[in-house]
file input22.txt (compact mmCIF, C-alpha atoms)
# COMPACT_ATOMS: atom_id res chain seq x y z
CA MET A 1 120.85 144.35 149.17
CA SER A 2 122.13 141.24 147.41
CA LEU A 3 119.75 138.44 146.57
CA ASN A 4 120.51 134.82 147.34
CA PHE A 5 121.41 132.56 144.45
CA ILE A 6 120.08 129.02 144.86
CA GLU A 7 120.88 126.48 142.16
CA GLU A 8 119.90 122.85 141.51
CA GLN A 9 118.27 122.23 144.88
CA THR A 10 115.16 120.28 145.77
CA PHE A 11 112.73 121.61 148.38
CA GLU A 12 110.26 119.06 149.68
CA ASN A 13 107.37 119.39 152.17
CA LYS A 14 108.24 123.00 153.05
CA PHE A 15 105.56 125.30 154.46
CA PHE A 16 106.74 128.68 153.26
CA SER A 17 103.38 130.19 154.19
CA LYS A 18 104.27 129.64 157.86
CA ASN A 19 108.03 130.25 157.60
CA GLU A 20 109.86 133.11 155.97
CA PHE A 21 110.51 132.44 152.30
CA GLU A 22 114.04 133.34 151.26
CA ASN A 23 113.73 135.63 148.23
CA GLY A 24 116.41 135.29 145.61
CA ASN A 25 117.27 133.71 142.31
CA TYR A 26 116.28 130.05 142.05
CA GLU A 27 117.71 128.26 139.04
CA ILE A 28 116.96 124.66 138.06
CA CYS A 29 115.29 124.02 141.43
CA THR A 30 112.47 121.60 142.19
CA PHE A 31 109.69 122.24 144.70
CA ILE A 32 107.66 119.19 145.79
CA ASN A 33 104.58 119.40 148.01
CA CYS A 34 105.45 122.90 149.22
CA ASP A 35 102.96 125.45 150.54
CA PHE A 36 103.48 128.99 149.21
CA SER A 37 99.91 130.17 149.90
CA ASN A 38 99.84 133.89 150.75
CA THR A 39 103.66 133.94 150.61
CA ASN A 40 105.50 137.04 149.41
CA LEU A 41 107.47 135.91 146.35
CA SER A 42 108.12 139.49 145.18
CA GLU A 43 111.38 140.23 143.37
CA THR A 44 112.23 136.51 143.20
CA ARG A 45 113.39 134.82 139.99
CA PHE A 46 112.48 131.23 139.14
CA ILE A 47 114.50 130.06 136.16
CA GLU A 48 113.94 126.55 134.76
CA CYS A 49 112.26 125.51 138.02
CA GLU A 50 109.58 122.87 138.54
CA PHE A 51 106.72 122.89 141.03
CA TYR A 52 104.95 119.59 141.83
CA ASP A 53 101.92 119.29 144.14
CA CYS A 54 102.47 122.80 145.49
CA ASN A 55 99.95 125.34 146.79
CA LEU A 56 100.71 128.84 145.49
CA SER A 57 97.24 130.27 146.11
CA SER A 58 97.16 134.03 146.64
CA ALA A 59 100.96 134.26 146.54
CA ASN A 60 102.29 137.78 145.97
CA VAL A 61 104.18 137.63 142.66
CA TYR A 62 104.98 141.34 142.23
CA ASN A 63 107.94 141.58 139.83
CA THR A 64 108.57 137.83 140.23
CA GLY A 65 110.30 136.18 137.29
CA PHE A 66 108.95 132.94 135.88
CA GLN A 67 111.28 131.85 133.10
CA ASP A 68 110.63 128.39 131.69
CA VAL A 69 108.78 127.18 134.80
CA LEU A 70 106.63 124.04 135.05
CA PHE A 71 103.63 123.80 137.39
CA LYS A 72 102.25 120.26 137.71
CA ASP A 73 99.41 119.17 139.99
CA CYS A 74 99.49 122.56 141.74
CA LYS A 75 96.82 124.70 143.38
CA MET A 76 97.24 128.27 142.12
CA LEU A 77 94.10 130.21 143.04
CA GLY A 78 93.88 133.98 142.71
CA ILE A 79 97.41 134.69 141.46
CA ASP A 80 97.91 138.05 139.70
CA PHE A 81 100.52 136.98 137.16
CA GLU A 82 99.98 140.35 135.45
CA LYS A 83 102.03 141.89 138.31
CA SER A 84 104.94 139.51 137.76
CA SER A 85 107.98 140.32 135.66
CA HIS A 86 107.13 140.04 131.98
CA PHE A 87 110.77 139.61 130.99
CA ALA A 88 111.18 136.15 129.38
CA PHE A 89 107.95 135.02 131.10
CA HIS A 90 107.20 131.42 130.12
CA ILE A 91 105.27 128.82 132.09
CA LYS A 92 103.81 125.36 131.46
CA VAL A 93 100.70 124.36 133.40
CA ASN A 94 99.75 120.68 133.74
CA ASN A 95 96.82 119.36 135.79
CA CYS A 96 96.53 122.45 137.99
CA GLN A 97 93.77 124.47 139.60
CA LEU A 98 94.38 127.96 138.22
CA ASN A 99 91.05 129.56 139.08
CA HIS A 100 90.68 133.35 139.31
CA ALA A 101 94.21 134.07 138.10
CA SER A 102 94.95 137.14 136.01
CA PHE A 103 97.15 137.32 132.92
CA TYR A 104 95.89 140.75 131.81
CA LYS A 105 97.92 142.15 128.88
CA MET A 106 100.55 139.40 129.07
CA ASN A 107 102.44 137.69 126.28
CA LEU A 108 101.65 134.00 126.68
CA SER A 109 102.30 132.98 123.09
CA LYS A 110 102.97 129.24 122.72
CA THR A 111 102.04 128.47 126.35
CA VAL A 112 100.60 125.01 127.00
CA PHE A 113 97.79 124.67 129.54
CA LYS A 114 97.03 120.99 129.98
CA ALA A 115 94.22 119.23 131.89
CA SER A 116 93.68 122.22 134.16
CA LYS A 117 90.73 123.87 135.83
CA MET A 118 90.94 127.53 134.81
CA GLU A 119 87.64 129.03 135.92
CA GLY A 120 87.34 132.80 136.09
CA VAL A 121 90.80 133.47 134.63
CA ASP A 122 91.37 136.90 133.02
CA PHE A 123 93.15 136.73 129.67
CA SER A 124 91.95 140.17 128.53
CA GLU A 125 94.23 141.87 126.00
CA SER A 126 96.74 138.99 126.23
CA ASP A 127 98.71 137.42 123.41
CA LEU A 128 97.62 133.78 123.41
CA SER A 129 98.67 133.07 119.85
CA LEU A 130 99.71 129.45 119.29
CA CYS A 131 98.64 128.52 122.84
CA VAL A 132 97.29 125.06 123.52
CA PHE A 133 94.38 124.63 125.91
CA ASP A 134 94.35 120.83 126.19
CA ASN A 135 91.43 119.41 128.20
CA CYS A 136 90.93 122.58 130.24
CA ASN A 137 87.76 123.84 131.92
CA LEU A 138 87.51 127.54 130.97
CA LEU A 139 84.21 128.38 132.67
CA ASN A 140 83.77 132.16 133.09
CA THR A 141 87.23 132.81 131.69
CA SER A 142 87.58 136.23 130.11
CA PHE A 143 88.89 136.63 126.58
CA PHE A 144 88.52 140.28 125.51
CA LYS A 145 90.67 141.94 122.86
CA SER A 146 92.93 138.90 123.11
CA ASN A 147 95.10 137.51 120.33
CA LEU A 148 93.93 133.90 119.96
CA GLU A 149 95.36 133.36 116.50
CA LYS A 150 96.28 129.71 115.90
CA ALA A 151 95.40 128.81 119.52
CA ASP A 152 94.01 125.30 120.05
CA PHE A 153 90.79 124.93 122.06
CA ARG A 154 89.64 121.64 120.50
CA THR A 155 89.65 119.55 123.70
CA SER A 156 88.65 122.26 126.18
CA ILE A 157 85.18 123.03 127.52
CA ASN A 158 83.02 125.86 128.84
CA TYR A 159 84.75 128.71 127.05
CA THR A 160 82.97 131.77 125.72
CA ILE A 161 84.84 133.74 123.08
CA ASP A 162 83.40 136.66 121.15
CA PRO A 163 84.88 136.51 117.61
CA GLU A 164 84.11 140.22 117.15
CA ASN A 165 86.23 141.26 120.16
CA ASN A 166 89.16 138.86 119.77
CA ARG A 167 91.58 137.90 117.03
CA ILE A 168 90.84 134.24 116.23
CA LYS A 169 92.27 133.69 112.73
CA GLY A 170 93.54 130.11 112.46
CA ALA A 171 92.34 129.14 115.95
CA LYS A 172 91.10 125.57 116.36
CA PHE A 173 87.78 124.64 117.96
CA SER A 174 85.82 121.39 118.17
CA LEU A 175 82.42 121.13 116.54
CA GLN A 176 80.76 120.16 119.86
CA SER A 177 82.08 123.29 121.59
CA VAL A 178 81.35 125.80 118.84
CA GLU A 179 78.47 127.25 120.89
CA GLY A 180 81.16 129.01 122.97
CA LEU A 181 81.82 131.19 119.93
CA LEU A 182 78.18 131.95 119.26
CA SER A 183 76.70 132.32 122.75
CA LYS A 184 76.31 136.11 122.51
CA TYR A 185 73.84 135.63 119.65
CA LYS A 186 71.43 133.61 121.84
CA ILE A 187 70.86 131.03 119.10
CA GLN A 188 70.13 127.34 119.45
CA ILE A 189 72.64 124.87 118.08
CA GLU A 190 71.52 121.27 117.63
call {"tool": "encode", "arguments": {"input": "input22.txt", "output": "C-alpha cells"}}
result
Amino acid sequence: MSLNFIEEQTFENKFFSKNEFENGNYEICTFINCDFSNTNLSETRFIECEFYDCNLSSANVYNTGFQDVLFKDCKMLGIDFEKSSHFAFHIKVNNCQLNHASFYKMNLSKTVFKASKMEGVDFSESDLSLCVFDNCNLLNTSFFKSNLEKADFRTSINYTIDPENNRIKGAKFSLQSVEGLLSKYKIQIE
C-alpha cells in the first residue's frame, strides 16, 4: 500500500472528524481551523507542517510522525504522543490547550511550550532538558524521573516537581513559584 504524498498545500475549515482523513506524508502543509478530533492519524507523517486554530483532541497518533511541527491556538486534549513515532520528533506549542496529553519516555529536549494550558500532562521519564515552559499552566502535570536539566520554568505556574525524583541541575525557576519544588515537604513559604 503506497501512502499519498501531499506537499505545500493549505487545508482550511476541513472537518476531518466527519470525513475520512487521507493518511500519507504531508510536507510543508498548513492546516487552518480544521477539526481532527477523534480522527485516525496513524502512520501519517507531518514534516514542517503548521496547525492553526485546529482541534486535534483525542486524535489517534499511533506511529504518526511529527517532525518540526508547529501547533498554534490549537485544542489538543487527551493525545497520547507517546504512541507516535519518536523518529525526529520535534514540535512547537504556542497558545494551545494540551490538557491530559502523554509524552511518557519521550525525547523533548529543546522543545518550546509557550502560553499554553497543560493540565494533567504526563512527562514521566521524558527528556525535557533545555525545554522552555513560557507562561504555561502546569497544574497536575506529572514530572517523575524526568530530565529537566537546564529547562526554564521561570514564567510558568502550578507545577510540582520533586527534586529527589527528577534531574534538575541548571533548571531555572522563579522565586515566587519555588513552592512547586518544595510542596512534598509540607512547609510554609512566606
call {"tool": "residues_around", "arguments": {"input": "input22.txt", "residues": "Ile47 (chain A)", "least_positions_apart": "2", "cutoff": "7 Å", "atoms": "all atoms listed in the file", "output": "list in words"}}
result
Tyr26, Glu27, Ile28, Arg45, Cys49, Phe66, Gln67, Asp68 and Val69 of chain A
call {"tool": "residues_near_point", "arguments": {"input": "input22.txt", "point": "(105.4, 120.0, 140.4)", "cutoff": "6 Å", "atoms": "all atoms listed in the file", "output": "NGL selection string"}}
result
:A and (32 or 50-53 or 71-72)
call {"tool": "closest_residue", "arguments": {"input": "input22.txt", "among": "A:Thr111, A:Ser102, A:Thr30, A:Asn63", "to": "Leu77 (chain A)", "atoms": "all atoms listed in the file"}}
result
A:Ser102
call {"tool": "closest_residue", "arguments": {"input": "input22.txt", "among": "A:Lys92, A:Ser85, A:Asn165, A:Glu7", "to": "Ser124 (chain A)", "atoms": "only C-alpha atoms"}}
result
A:Asn165
call {"tool": "residues_around", "arguments": {"input": "input22.txt", "residues": "Arg167 (chain A)", "least_positions_apart": "4", "cutoff": "9 Å", "atoms": "all atoms listed in the file", "output": "PyMOL selection string"}}
result
chain A and resi 145-149+163+171
call {"tool": "residues_around", "arguments": {"input": "input22.txt", "residues": "Cys54 (chain A)", "least_positions_apart": "4", "cutoff": "6 Å", "atoms": "only C-alpha atoms", "output": "PyMOL selection string"}}
result
chain A and resi 33-35+74
call {"tool": "closest_residue", "arguments": {"input": "input22.txt", "among": "A:Phe11, A:Phe173, A:Phe87, A:Phe16", "to": "Leu56 (chain A)", "atoms": "only C-alpha atoms"}}
result
A:Phe16
call {"tool": "decode", "arguments": {"input": "input22.txt", "residues": "region 115-188 of chain A", "atoms": "C-alpha atoms", "output": "short mmCIF file (atom, residue, chain, number, x, y, z; two decimals), in the first residue's frame"}}
result
data_model
loop_
_atom_site.label_atom_id
_atom_site.label_comp_id
_atom_site.auth_asym_id
_atom_site.auth_seq_id
_atom_site.Cartn_x
_atom_site.Cartn_y
_atom_site.Cartn_z
CA ALA A 115 1.44 30.37 26.74
CA SER A 116 -0.31 27.01 26.91
CA LYS A 117 -2.66 25.28 29.30
CA MET A 118 -1.03 21.93 30.04
CA GLU A 119 -3.02 20.50 32.92
CA GLY A 120 -2.63 16.81 33.73
CA VAL A 121 0.11 16.20 31.15
CA ASP A 122 2.37 13.17 31.73
CA PHE A 123 6.07 13.90 31.23
CA SER A 124 7.25 10.90 33.28
CA GLU A 125 10.70 9.61 32.32
CA SER A 126 10.94 12.16 29.47
CA ASP A 127 13.97 14.14 28.40
CA LEU A 128 12.94 17.77 28.84
CA SER A 129 16.46 19.15 29.01
CA LEU A 130 16.74 22.70 27.68
CA CYS A 131 12.94 22.93 27.27
CA VAL A 132 11.22 26.25 27.75
CA PHE A 133 7.88 26.40 29.53
CA ASP A 134 6.96 30.03 28.87
CA ASN A 135 3.79 31.22 30.63
CA CYS A 136 2.28 27.73 30.87
CA ASN A 137 -0.21 26.40 33.41
CA LEU A 138 1.19 23.03 34.55
CA LEU A 139 -1.46 22.11 37.13
CA ASN A 140 -1.35 18.38 37.99
CA THR A 141 1.34 17.77 35.38
CA SER A 142 3.49 14.75 36.14
CA PHE A 143 7.27 15.02 36.23
CA PHE A 144 8.73 11.73 37.52
CA LYS A 145 12.23 10.52 36.73
CA SER A 146 12.34 13.24 34.07
CA ASN A 147 15.44 15.02 32.83
CA LEU A 148 14.72 18.70 33.47
CA GLU A 149 18.32 19.86 33.29
CA LYS A 150 18.58 23.47 32.07
CA ALA A 151 14.80 23.63 31.49
CA ASP A 152 13.19 27.04 32.03
CA PHE A 153 10.09 27.22 34.24
CA ARG A 154 10.51 30.86 35.34
CA THR A 155 7.25 32.20 33.89
CA SER A 156 5.07 29.10 34.36
CA ILE A 157 2.69 28.36 37.21
CA ASN A 158 1.15 25.49 39.19
CA TYR A 159 3.93 22.97 38.65
CA THR A 160 5.00 20.42 41.24
CA ILE A 161 8.44 18.93 40.76
CA ASP A 162 10.17 16.62 43.21
CA PRO A 163 13.91 17.41 43.07
CA GLU A 164 14.68 13.97 44.51
CA ASN A 165 12.91 12.13 41.66
CA ASN A 166 13.95 14.31 38.72
CA ARG A 167 17.19 15.64 37.29
CA ILE A 168 17.02 19.43 37.69
CA LYS A 169 20.65 20.61 37.51
CA GLY A 170 20.75 24.04 35.88
CA ALA A 171 16.96 24.33 35.61
CA LYS A 172 15.51 27.82 36.06
CA PHE A 173 12.65 28.65 38.42
CA SER A 174 11.17 31.92 39.65
CA LEU A 175 11.32 32.81 43.32
CA GLN A 176 7.52 33.17 43.53
CA SER A 177 6.97 29.64 42.19
CA VAL A 178 9.63 27.85 44.23
CA GLU A 179 6.93 26.23 46.39
CA GLY A 180 6.35 23.85 43.45
CA LEU A 181 9.74 22.34 44.25
CA LEU A 182 9.12 22.04 47.96
CA SER A 183 5.45 21.04 48.16
CA LYS A 184 6.16 17.44 49.20
CA TYR A 185 7.76 18.73 52.41
CA LYS A 186 4.52 20.42 53.55
CA ILE A 187 6.36 23.56 54.63
CA GLN A 188 5.13 27.13 54.61
#
